[in-house]
Each structure stands twice: as structure tokens, then as C-alpha cells.
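Structure file protein_17.cif with mmCIF, C-alpha atoms:
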```cif
data_query
loop_
_atom_site.label_atom_id
_atom_site.label_comp_id
_atom_site.auth_asym_id
_atom_site.auth_seq_id
_atom_site.Cartn_x
_atom_site.Cartn_y
_atom_site.Cartn_z
CA MET L 52 13.33 14.57 5.41
CA THR L 53 9.91 12.92 5.22
CA THR L 54 9.34 9.79 7.27
CA LEU L 55 6.82 7.30 5.97
CA GLY L 56 5.17 4.92 8.41
CA ILE L 57 3.97 1.67 6.83
CA ILE L 58 1.74 -0.71 8.75
CA GLY L 59 1.73 -3.99 6.84
CA SER L 60 4.78 -5.61 5.27
CA GLY L 61 3.13 -7.69 2.56
CA HIS L 62 3.48 -7.13 -1.17
CA ILE L 63 1.97 -3.63 -1.29
CA GLY L 64 3.66 -2.39 1.89
CA ALA L 65 7.06 -3.69 0.82
CA ALA L 66 6.72 -2.24 -2.71
CA VAL L 67 5.84 1.21 -1.37
CA ALA L 68 8.69 0.98 1.15
CA ARG L 69 11.20 0.28 -1.62
CA LEU L 70 10.07 3.31 -3.61
CA ALA L 71 10.15 5.50 -0.50
CA VAL L 72 13.73 4.52 0.35
CA ALA L 73 14.76 5.07 -3.28
CA ALA L 74 13.21 8.55 -3.04
CA GLY L 75 15.38 9.41 -0.04
CA MET L 76 12.76 8.96 2.64
CA GLN L 77 13.02 7.34 6.05
CA VAL L 78 10.69 4.38 6.51
CA VAL L 79 9.37 2.77 9.69
CA LEU L 80 7.76 -0.60 9.00
CA ALA L 81 5.43 -2.63 11.17
CA ASN L 82 3.46 -5.84 10.85
CA SER L 83 1.28 -8.06 13.01
CA ARG L 84 4.10 -10.49 13.86
CA GLY L 85 6.49 -8.09 15.54
CA PRO L 86 9.52 -5.98 14.56
CA GLU L 87 11.94 -8.91 14.82
CA THR L 88 10.26 -10.58 11.83
CA LEU L 89 11.14 -7.60 9.61
CA ALA L 90 14.91 -7.95 9.87
CA ARG L 91 15.32 -9.40 6.40
CA LEU L 92 13.20 -6.71 4.70
CA THR L 93 14.80 -3.80 6.55
CA GLY L 94 18.20 -5.32 5.80
CA GLU L 95 17.37 -5.29 2.09
CA LEU L 96 16.10 -1.72 2.27
CA GLY L 97 19.19 -0.42 4.05
CA PRO L 98 19.80 2.09 6.85
CA SER L 99 16.87 4.32 5.88
CA ALA L 100 14.42 1.62 6.98
CA THR L 101 13.72 0.50 10.53
CA ALA L 102 11.17 -1.83 12.11
CA GLY L 103 8.80 -1.03 14.94
CA THR L 104 5.38 -1.71 16.34
CA ALA L 105 2.26 -0.45 14.59
CA GLU L 106 2.02 2.37 17.12
CA GLU L 107 5.66 3.33 16.53
CA ALA L 108 5.21 3.35 12.75
CA ALA L 109 2.08 5.49 13.10
CA LEU L 110 3.70 8.01 15.43
CA ALA L 111 6.92 8.22 13.40
CA GLY L 112 5.29 8.81 10.03
CA ASP L 113 4.61 12.23 8.59
CA VAL L 114 2.28 10.14 6.42
CA VAL L 115 1.19 6.59 7.23
CA VAL L 116 0.34 3.83 4.75
CA THR L 117 -1.92 1.07 6.03
CA ALA L 118 -1.42 -2.04 3.92
CA VAL L 119 -3.35 -4.67 5.85
CA PRO L 120 -6.30 -6.94 5.01
CA LEU L 121 -9.68 -5.36 5.61
CA THR L 122 -10.32 -7.72 8.52
CA ALA L 123 -7.18 -6.40 10.26
CA VAL L 124 -8.28 -2.75 10.13
CA PRO L 125 -9.98 -2.87 13.58
CA SER L 126 -6.59 -3.75 15.11
CA LEU L 127 -4.88 -0.59 13.78
CA PRO L 128 -3.66 1.88 16.45
CA VAL L 129 -6.54 4.36 16.45
CA ALA L 130 -5.06 6.86 18.89
CA ALA L 131 -1.68 6.96 17.17
CA LEU L 132 -3.28 7.57 13.76
CA ARG L 133 -5.59 10.36 14.92
CA GLY L 134 -4.77 13.59 13.10
CA ARG L 135 -2.41 11.92 10.63
CA THR L 136 -2.76 11.59 6.88
CA VAL L 137 -3.39 7.88 6.32
CA LEU L 138 -3.20 6.23 2.91
CA ASP L 139 -5.52 3.23 3.06
CA THR L 140 -4.76 0.49 0.53
CA SER L 141 -7.37 -2.05 1.62
CA ASN L 142 -9.89 -3.83 -0.61
CA TYR L 143 -12.89 -6.04 0.10
CA TYR L 144 -12.57 -9.64 -1.04
CA PRO L 145 -15.52 -11.64 0.33
CA ARG L 146 -13.78 -15.00 -0.11
CA ARG L 147 -10.95 -13.80 2.14
CA ASP L 148 -12.76 -11.35 4.41
CA GLY L 149 -16.18 -12.98 4.77
CA ARG L 150 -19.35 -11.08 4.03
CA ILE L 151 -19.59 -7.48 5.29
CA THR L 152 -23.19 -6.30 4.97
CA PRO L 153 -22.69 -2.52 4.51
CA LEU L 154 -20.27 -3.25 1.66
CA ASP L 155 -22.53 -5.86 0.06
CA THR L 156 -25.48 -3.45 0.15
CA GLU L 157 -23.31 -0.55 -1.06
CA GLU L 158 -24.20 1.48 1.99
CA LEU L 159 -20.48 2.19 2.34
CA THR L 160 -17.32 1.98 0.29
CA THR L 161 -14.32 0.26 1.85
CA GLY L 162 -12.76 3.68 2.44
CA GLU L 163 -15.80 4.87 4.35
CA LEU L 164 -15.80 1.67 6.41
CA VAL L 165 -12.12 2.09 7.28
CA ARG L 166 -12.72 5.72 8.24
CA GLN L 167 -15.34 4.57 10.76
CA HIS L 168 -12.65 2.43 12.40
CA LEU L 169 -10.13 5.31 12.44
CA PRO L 170 -11.93 8.38 13.82
CA GLY L 171 -9.80 11.49 13.57
CA ALA L 172 -7.48 10.11 10.87
CA ARG L 173 -7.28 12.09 7.62
CA LEU L 174 -8.01 9.13 5.37
CA VAL L 175 -7.13 8.95 1.68
CA LYS L 176 -7.81 5.88 -0.45
CA ALA L 177 -4.72 5.05 -2.52
CA PHE L 178 -2.61 2.20 -3.92
CA ASN L 179 -5.57 -0.21 -3.82
CA ASN L 180 -6.18 -0.43 -7.57
CA ILE L 181 -2.72 -1.58 -8.67
CA LEU L 182 -0.96 -4.91 -8.27
CA ALA L 183 2.14 -4.84 -6.10
CA HIS L 184 4.52 -5.84 -8.88
CA HIS L 185 3.33 -2.95 -11.05
CA ILE L 186 4.29 -0.40 -8.39
CA PRO L 187 8.08 -0.62 -8.96
CA GLN L 188 7.64 -1.41 -12.68
CA LEU L 189 5.63 1.72 -13.43
CA ALA L 190 7.28 4.28 -11.13
CA ARG L 191 8.87 7.07 -13.19
CA PRO L 192 10.50 10.47 -12.52
CA SER L 193 8.28 13.53 -12.55
CA ALA L 194 7.31 14.67 -16.07
CA ALA L 195 8.45 11.40 -17.69
CA PRO L 196 6.38 10.88 -20.87
CA ASP L 197 5.49 7.31 -19.90
CA ARG L 198 4.52 8.07 -16.30
CA SER L 199 1.46 6.31 -14.90
CA ALA L 200 -1.27 7.81 -12.72
CA LEU L 201 -3.00 6.45 -9.63
CA PRO L 202 -6.43 7.48 -8.34
CA ILE L 203 -6.92 8.89 -4.87
CA ALA L 204 -10.14 9.64 -2.98
CA GLY L 205 -10.84 11.33 0.31
CA ASP L 206 -12.96 13.88 2.13
CA ASP L 207 -10.10 16.08 3.37
CA GLY L 208 -8.64 18.33 0.68
CA ASP L 209 -5.39 19.00 2.53
CA ALA L 210 -4.88 15.28 3.11
CA LYS L 211 -5.40 14.57 -0.58
CA ARG L 212 -2.85 17.21 -1.51
CA THR L 213 -0.38 15.66 0.94
CA ALA L 214 -1.07 12.21 -0.51
CA ALA L 215 -0.64 13.49 -4.07
CA ALA L 216 2.72 15.09 -3.21
CA LEU L 217 3.92 11.86 -1.61
CA ILE L 218 2.78 9.71 -4.52
CA ASP L 219 4.45 12.12 -6.96
CA ARG L 220 7.69 11.69 -5.02
CA LEU L 221 7.29 7.91 -5.24
CA GLY L 222 6.94 8.05 -9.02
CA PHE L 223 3.30 8.45 -10.04
CA ASP L 224 0.89 11.15 -11.11
CA THR L 225 -2.48 11.21 -9.35
CA VAL L 226 -6.09 11.70 -10.38
CA ASP L 227 -8.55 12.95 -7.77
CA ALA L 228 -11.52 10.58 -7.93
CA GLY L 229 -13.53 12.61 -5.43
CA PRO L 230 -14.69 11.84 -1.90
CA LEU L 231 -14.50 8.44 -0.22
CA ALA L 232 -18.08 7.80 -1.32
CA GLU L 233 -16.80 7.71 -4.92
CA SER L 234 -13.84 5.42 -4.24
CA TRP L 235 -15.86 2.43 -5.51
CA ARG L 236 -14.80 3.64 -8.96
CA PHE L 237 -11.40 2.01 -8.42
CA GLU L 238 -12.33 -0.89 -6.16
CA PRO L 239 -12.28 -4.56 -7.34
CA GLU L 240 -14.26 -5.27 -10.53
CA SER L 241 -14.17 -1.61 -11.62
CA ALA L 242 -12.76 -0.33 -14.90
CA ALA L 243 -9.89 1.35 -13.04
CA TYR L 244 -8.81 -1.69 -11.03
CA THR L 245 -5.51 -3.56 -11.71
CA ARG L 246 -6.10 -4.81 -15.28
CA LEU L 247 -5.81 -1.22 -16.48
CA TYR L 248 -2.08 -1.45 -15.73
CA ALA L 249 -1.49 -4.85 -17.34
CA ALA L 250 0.29 -5.01 -20.67
CA ASP L 251 -2.36 -7.31 -22.11
CA PRO L 252 -5.83 -7.51 -20.52
CA ASP L 253 -6.26 -11.02 -21.96
CA VAL L 254 -3.24 -12.47 -20.15
CA PRO L 255 -4.42 -15.27 -17.80
CA ARG L 256 -4.50 -14.20 -14.15
CA GLU L 257 -1.85 -16.74 -13.18
CA ARG L 258 0.59 -15.13 -15.66
CA LEU L 259 0.07 -11.49 -14.66
CA PHE L 260 3.27 -11.49 -12.63
CA ASP L 261 5.24 -12.46 -15.76
CA VAL L 262 4.27 -9.49 -17.93
CA PRO L 263 5.57 -5.94 -17.84
CA GLY L 264 3.34 -3.07 -16.80
CA LEU L 265 1.63 -0.73 -19.24
CA PRO L 266 1.88 3.00 -18.43
CA VAL L 267 -1.53 4.54 -17.71
CA PRO L 268 -1.53 8.32 -18.25
CA ALA L 269 -3.84 10.52 -16.23
CA GLU L 270 -6.33 11.00 -19.07
CA GLY L 271 -6.66 7.25 -19.56
CA LEU L 272 -7.29 6.81 -15.85
CA ARG L 273 -9.87 9.61 -15.83
CA THR L 274 -11.69 7.85 -18.68
CA ALA L 275 -11.68 4.56 -16.78
CA LEU L 276 -13.00 6.24 -13.63
CA ALA L 277 -15.74 8.01 -15.58
CA HIS L 278 -16.88 4.78 -17.22
CA ALA L 279 -16.79 2.69 -14.05
CA GLN L 280 -19.98 0.84 -13.22
CA ARG L 281 -20.76 -0.30 -9.72
CA VAL L 282 -21.21 -4.06 -9.42
CA ARG L 283 -22.82 -5.35 -6.25
CA VAL L 284 -20.21 -7.23 -4.25
CA ALA L 285 -22.84 -9.78 -3.22
CA ASN L 286 -23.00 -10.96 -6.83
CA ARG L 287 -19.27 -11.26 -7.34
CA THR L 288 -17.31 -14.47 -7.32
CA TYR L 289 -13.70 -14.72 -6.13
#
```

Exercise: express the given structure as C-alpha cells:
Amino acid sequence: MTTLGIIGSGHIGAAVARLAVAAGMQVVLANSRGPETLARLTGELGPSATAGTAEEAALAGDVVVTAVPLTAVPSLPVAALRGRTVLDTSNYYPRRDGRITPLDTEELTTGELVRQHLPGARLVKAFNNILAHHIPQLARPSAAPDRSALPIAGDDGDAKRTAAALIDRLGFDTVDAGPLAESWRFEPESAAYTRLYAADPDVPRERLFDVPGLPVPAEGLRTALAHAQRVRVANRTY
């Protein structure tokens, strides 16, 4: 039975944890406040979910999901994540994270920056282009006609295959967007970021949590990735 380690218990981490438990997986959750603060969430998830430290979640997971703000990445347990397939969900939001020069100048993507902080980890960018509430809404069994797809990017082919198999088990098809250097195609402001999954792209941002998700088939996602245009983060407003 696969064990999924999840570091970060916010909206994305909790949504992925719920799908993993529903898929029959064991989950070890961690956050920055300590295992005792996860009692309510693990209680909701049931006996397949336990709480631990970040190191314990990393060591327990056959695959590890990091669902933390970009500024918290340097605090991740580097040694425990070395050699593991890590699904990085982080995004760069300057208003929250402050300015990060190599991202503003497009010298790096967020995935490449995270990889620098986690030497030896087999990093795959995933789950960063979809809002948390759409994760349970859009999850479907394999081969369902209304199944949605998620992009992944990474430099390790085996790690991407592992990530794709996990994401398939959680309820989504995947589209390989290429190496980490191409992961900007589904970062904030891109054509393949969040609004693609909204039922109505004209719904005001404050109402997005009130609308159902719109299935995004693989071909539609491939089109969005192909038509993505890179917008300099330095010129964005948040």
C-alpha cells in the first residue's frame, strides 16, 4: 500500500490528503506548527491518516507532496527528501512572498528554484495550477469521460512517471509539460493556471469558491500550455 507524505496542511495539502485516503492510501501529514495541531484533520480523515513532523512525513512517504508557501521551502527537511519523488505545489506571489530576483528576471522558474533548495530530491511540479476546491470537485475514476487533466513538469523521467501514476490514482489524467524550465507554462497568470478549471471565466474572483468545476480534458490542457505566454512577474499586480 502506497504511503503519501504531505508537508503542509493548508487547502492544497488537505485536499490531496482527502483524495489519497479515499484511494486507499496511507497518509502522513506534517505542518509547521507541530503534529498536535493536526488532530482535527487526521480525525476527519480516519485511521489511514497520521500526523508527524516534516522529517517523519518525508521519510514515511513513497512519494512526498510539499504544499507550503515558497518562503517556507528553505525550511523543508533536505536530507529526508533526498532521493525521494517530491511533488512541489508552490507558486510565487510577490505580494505574499516578497520579491525574488531570479524569478522576476525569469532566470529560474519556481520549480527550478525549489530544486536548488532540495538537492538530491526527484522534483516534479504538480498541483500548483488548480484551486484547492477544484481538486475534490474534479477528481474522477480512470477513463471517466469527464475526467480532468493536470500538468506536470520535471527533469527526471522516472519521477514524472511515478507522479503521473499517483495523480491517476487520485483521480486525474496528466499532461507532461516538459522539464522544470518549462513549468512557467502553468504558473500564475498563464493560460493553464486555475481559471481553466472554473465553470465560468468571468465569475468574480470572490465567488470562485461558489461555482462548480469545469472538467478540462487533456487536449484542452495541451492547447492551453501551448498557447501560454510568459509574463514577467515584476510587472504583475496581486

Result set of the PyMOL selection byres ((chain L and resi 242) around 9) on the coordinates above, as a PyMOL selection string = chain L and resi 236-241+243-247+275-280

Using only C-alpha atoms, the shortest atom-to-atom distance to Thr122 in chain L among L:Ile58, L:Ile218, L:Ala102, L:Ile151 belongs to L:Ile151

In Å to one decimal, how far is CA of Ala232 in chain L from CA of Thr160 in chain L?
-> 6.1 Å

Output of the PyMOL selection byres ((chain L and resi 141) around 10), listed as an NGL selection string = :L and (63 or 117-124 or 138-140 or 142-144 or 161-162 or 165 or 176-180 or 238)

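For the point (-2.1, 3.7, -9.4), the residues with at least one atom inside 6 Å, counting all atoms listed in the file, are L:Phe178, L:Ile181, L:Ala200, L:Leu201, L:Pro202.
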
Evaluate the PyMOL selection byres ((chain L and resi 86) around 7) and report residues as a compact mmCIF listing (two decimals) with C-alpha atoms, in the frame of the given file:
```
# COMPACT_ATOMS: atom_id res chain seq x y z
CA ALA L 81 5.43 -2.63 11.17
CA GLY L 85 6.49 -8.09 15.54
CA GLU L 87 11.94 -8.91 14.82
CA THR L 88 10.26 -10.58 11.83
CA LEU L 89 11.14 -7.60 9.61
CA ALA L 102 11.17 -1.83 12.11
CA GLY L 103 8.80 -1.03 14.94
CA THR L 104 5.38 -1.71 16.34
```

Among listed residues L:Pro187, L:Pro145, L:Gly75, L:Gly205, nearest Arg166 in chain L (using all atoms listed in the file) |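 Closest to Arg166 in chain L, using all atoms listed in the file: L:Gly205.
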
Have a look at L:Val114, L:Leu164, L:Ile186, L:Ala130 and name the one nearest to Thr152 in chain L; count only C-alpha atoms.
->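 Once distances to Thr152 in chain L are computed over only C-alpha atoms, the minimum belongs to L:Leu164.
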
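With all atoms listed in the file as the atoms that count, the minimum distance from Leu80 in chain L to the choices L:Ala183, L:Ala68, L:Val226, L:Leu265 is reached by L:Ala68.
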
Given only C-alpha atoms as the counted atoms, nearest of L:Leu96, L:Gly56, L:Asp227, L:Ala66 to Ala108 in chain L =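 Of L:Leu96, L:Gly56, L:Asp227, L:Ala66, the one nearest Ala108 in chain L, counting only C-alpha atoms, is L:Gly56.
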
Closest of L:Val175, L:Ala269, L:Leu132, L:Met76 to Arg198 in chain L - atom-to-atom distances counting all atoms listed in the file |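 The closest residue to Arg198 in chain L is L:Ala269.
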
Expressed in Å, the length from CA of Gln167 in chain L to CA of Leu221 in chain L is 27.9 Å

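Going from CA of Ala190 in chain L to CA of Pro266 in chain L covers 9.2 Å.
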
Enclose all atoms of range 266-279 of chain L listed in the file in an axis-aligned box, grow every side by 5 Å, and hand back centre and edge lengths in Å to one decimal, as AutoDock Vina command-line options.
```
--center_x -7.5 --center_y 6.8 --center_z -16.6 --size_x 28.8 --size_y 18.3 --size_z 15.9
```

Extract range 197-229 of chain L from the coordinates I pasted, and write it as a CSV table (one decimal), in the first residue's frame (atoms kept: N, CA, C and O atoms).
```
chain,number,residue,atom,x,y,z
L,197,ASP,N,-15.6,12.6,-18.3
L,197,ASP,CA,-15.5,14.0,-17.9
L,197,ASP,C,-14.3,14.2,-16.9
L,197,ASP,O,-14.3,15.0,-16.1
L,198,ARG,N,-13.3,13.3,-17.1
L,198,ARG,CA,-12.1,13.4,-16.3
L,198,ARG,C,-11.2,14.6,-16.7
L,198,ARG,O,-11.1,14.9,-17.8
L,199,SER,N,-10.7,15.3,-15.7
L,199,SER,CA,-9.8,16.5,-15.9
L,199,SER,C,-8.4,16.0,-15.9
L,199,SER,O,-8.0,15.0,-15.4
L,200,ALA,N,-7.5,16.9,-16.5
L,200,ALA,CA,-6.1,16.6,-16.6
L,200,ALA,C,-5.3,17.7,-15.8
L,200,ALA,O,-5.8,18.9,-15.8
L,201,LEU,N,-4.2,17.3,-15.3
L,201,LEU,CA,-3.3,18.3,-14.6
L,201,LEU,C,-1.9,18.2,-15.3
L,201,LEU,O,-1.5,17.2,-15.7
L,202,PRO,N,-1.2,19.4,-15.4
L,202,PRO,CA,0.1,19.3,-16.0
L,202,PRO,C,1.1,18.9,-14.9
L,202,PRO,O,1.0,19.2,-13.7
L,203,ILE,N,2.2,18.3,-15.4
L,203,ILE,CA,3.3,18.0,-14.5
L,203,ILE,C,4.6,18.4,-15.3
L,203,ILE,O,4.6,18.5,-16.5
L,204,ALA,N,5.6,18.8,-14.6
L,204,ALA,CA,6.9,19.1,-15.2
L,204,ALA,C,8.0,18.6,-14.3
L,204,ALA,O,7.9,18.7,-13.1
L,205,GLY,N,9.1,18.2,-14.9
L,205,GLY,CA,10.3,17.7,-14.2
L,205,GLY,C,11.4,17.3,-15.1
L,205,GLY,O,11.2,17.1,-16.3
L,206,ASP,N,12.6,17.1,-14.5
L,206,ASP,CA,13.7,16.8,-15.3
L,206,ASP,C,14.1,15.3,-15.1
L,206,ASP,O,15.0,14.8,-15.8
L,207,ASP,N,13.3,14.5,-14.3
L,207,ASP,CA,13.6,13.1,-14.1
L,207,ASP,C,12.4,12.3,-14.6
L,207,ASP,O,11.3,12.4,-14.1
L,208,GLY,N,12.7,11.6,-15.7
L,208,GLY,CA,11.6,10.9,-16.3
L,208,GLY,C,10.9,9.8,-15.4
L,208,GLY,O,9.7,9.7,-15.4
L,209,ASP,N,11.7,9.1,-14.7
L,209,ASP,CA,11.1,8.1,-13.8
L,209,ASP,C,10.2,8.8,-12.7
L,209,ASP,O,9.2,8.3,-12.3
L,210,ALA,N,10.7,10.0,-12.2
L,210,ALA,CA,9.9,10.7,-11.2
L,210,ALA,C,8.6,11.2,-11.8
L,210,ALA,O,7.5,11.1,-11.1
L,211,LYS,N,8.6,11.6,-13.0
L,211,LYS,CA,7.4,12.1,-13.7
L,211,LYS,C,6.4,10.9,-13.9
L,211,LYS,O,5.2,11.1,-13.7
L,212,ARG,N,7.0,9.7,-14.2
L,212,ARG,CA,6.1,8.6,-14.4
L,212,ARG,C,5.5,8.2,-13.0
L,212,ARG,O,4.3,7.8,-12.9
L,213,THR,N,6.2,8.3,-12.0
L,213,THR,CA,5.7,8.0,-10.6
L,213,THR,C,4.6,9.0,-10.2
L,213,THR,O,3.6,8.6,-9.7
L,214,ALA,N,4.9,10.3,-10.5
L,214,ALA,CA,3.9,11.3,-10.2
L,214,ALA,C,2.7,11.1,-11.0
L,214,ALA,O,1.5,11.2,-10.5
L,215,ALA,N,2.8,10.8,-12.3
L,215,ALA,CA,1.6,10.5,-13.1
L,215,ALA,C,0.8,9.4,-12.6
L,215,ALA,O,-0.5,9.4,-12.6
L,216,ALA,N,1.4,8.3,-12.2
L,216,ALA,CA,0.7,7.2,-11.6
L,216,ALA,C,-0.1,7.5,-10.4
L,216,ALA,O,-1.2,7.1,-10.1
L,217,LEU,N,0.6,8.3,-9.5
L,217,LEU,CA,-0.1,8.7,-8.3
L,217,LEU,C,-1.3,9.6,-8.6
L,217,LEU,O,-2.3,9.4,-8.0
L,218,ILE,N,-1.1,10.6,-9.5
L,218,ILE,CA,-2.1,11.5,-9.8
L,218,ILE,C,-3.3,10.8,-10.4
L,218,ILE,O,-4.5,11.1,-10.2
L,219,ASP,N,-3.0,9.8,-11.3
L,219,ASP,CA,-4.1,9.0,-11.9
L,219,ASP,C,-4.9,8.3,-10.8
L,219,ASP,O,-6.1,8.2,-10.8
L,220,ARG,N,-4.2,7.8,-9.8
L,220,ARG,CA,-4.9,7.1,-8.6
L,220,ARG,C,-5.7,8.1,-7.9
L,220,ARG,O,-6.8,7.7,-7.3
L,221,LEU,N,-5.3,9.3,-7.8
L,221,LEU,CA,-6.1,10.3,-7.1
L,221,LEU,C,-7.3,10.9,-7.9
L,221,LEU,O,-8.1,11.5,-7.3
L,222,GLY,N,-7.3,10.6,-9.2
L,222,GLY,CA,-8.5,11.0,-10.0
L,222,GLY,C,-8.3,11.9,-11.1
L,222,GLY,O,-9.3,12.5,-11.6
L,223,PHE,N,-7.0,12.1,-11.6
L,223,PHE,CA,-6.8,13.0,-12.7
L,223,PHE,C,-5.9,12.4,-13.8
L,223,PHE,O,-5.0,11.6,-13.4
L,224,ASP,N,-6.1,12.7,-15.0
L,224,ASP,CA,-5.1,12.5,-16.1
L,224,ASP,C,-4.0,13.5,-15.9
L,224,ASP,O,-4.1,14.5,-15.2
L,225,THR,N,-2.9,13.2,-16.6
L,225,THR,CA,-1.8,14.2,-16.6
L,225,THR,C,-1.3,14.5,-18.0
L,225,THR,O,-1.5,13.7,-18.9
L,226,VAL,N,-0.7,15.7,-18.1
L,226,VAL,CA,-0.1,16.1,-19.4
L,226,VAL,C,1.3,16.5,-19.0
L,226,VAL,O,1.6,17.3,-18.1
L,227,ASP,N,2.3,15.9,-19.7
L,227,ASP,CA,3.7,16.2,-19.4
L,227,ASP,C,4.0,17.5,-20.1
L,227,ASP,O,4.1,17.6,-21.3
L,228,ALA,N,4.3,18.6,-19.3
L,228,ALA,CA,4.6,19.9,-19.8
L,228,ALA,C,6.1,20.1,-20.1
L,228,ALA,O,6.5,21.2,-20.5
L,229,GLY,N,6.9,19.1,-19.9
L,229,GLY,CA,8.3,19.2,-20.2
L,229,GLY,C,9.2,19.3,-18.9
L,229,GLY,O,8.8,18.9,-17.8
```
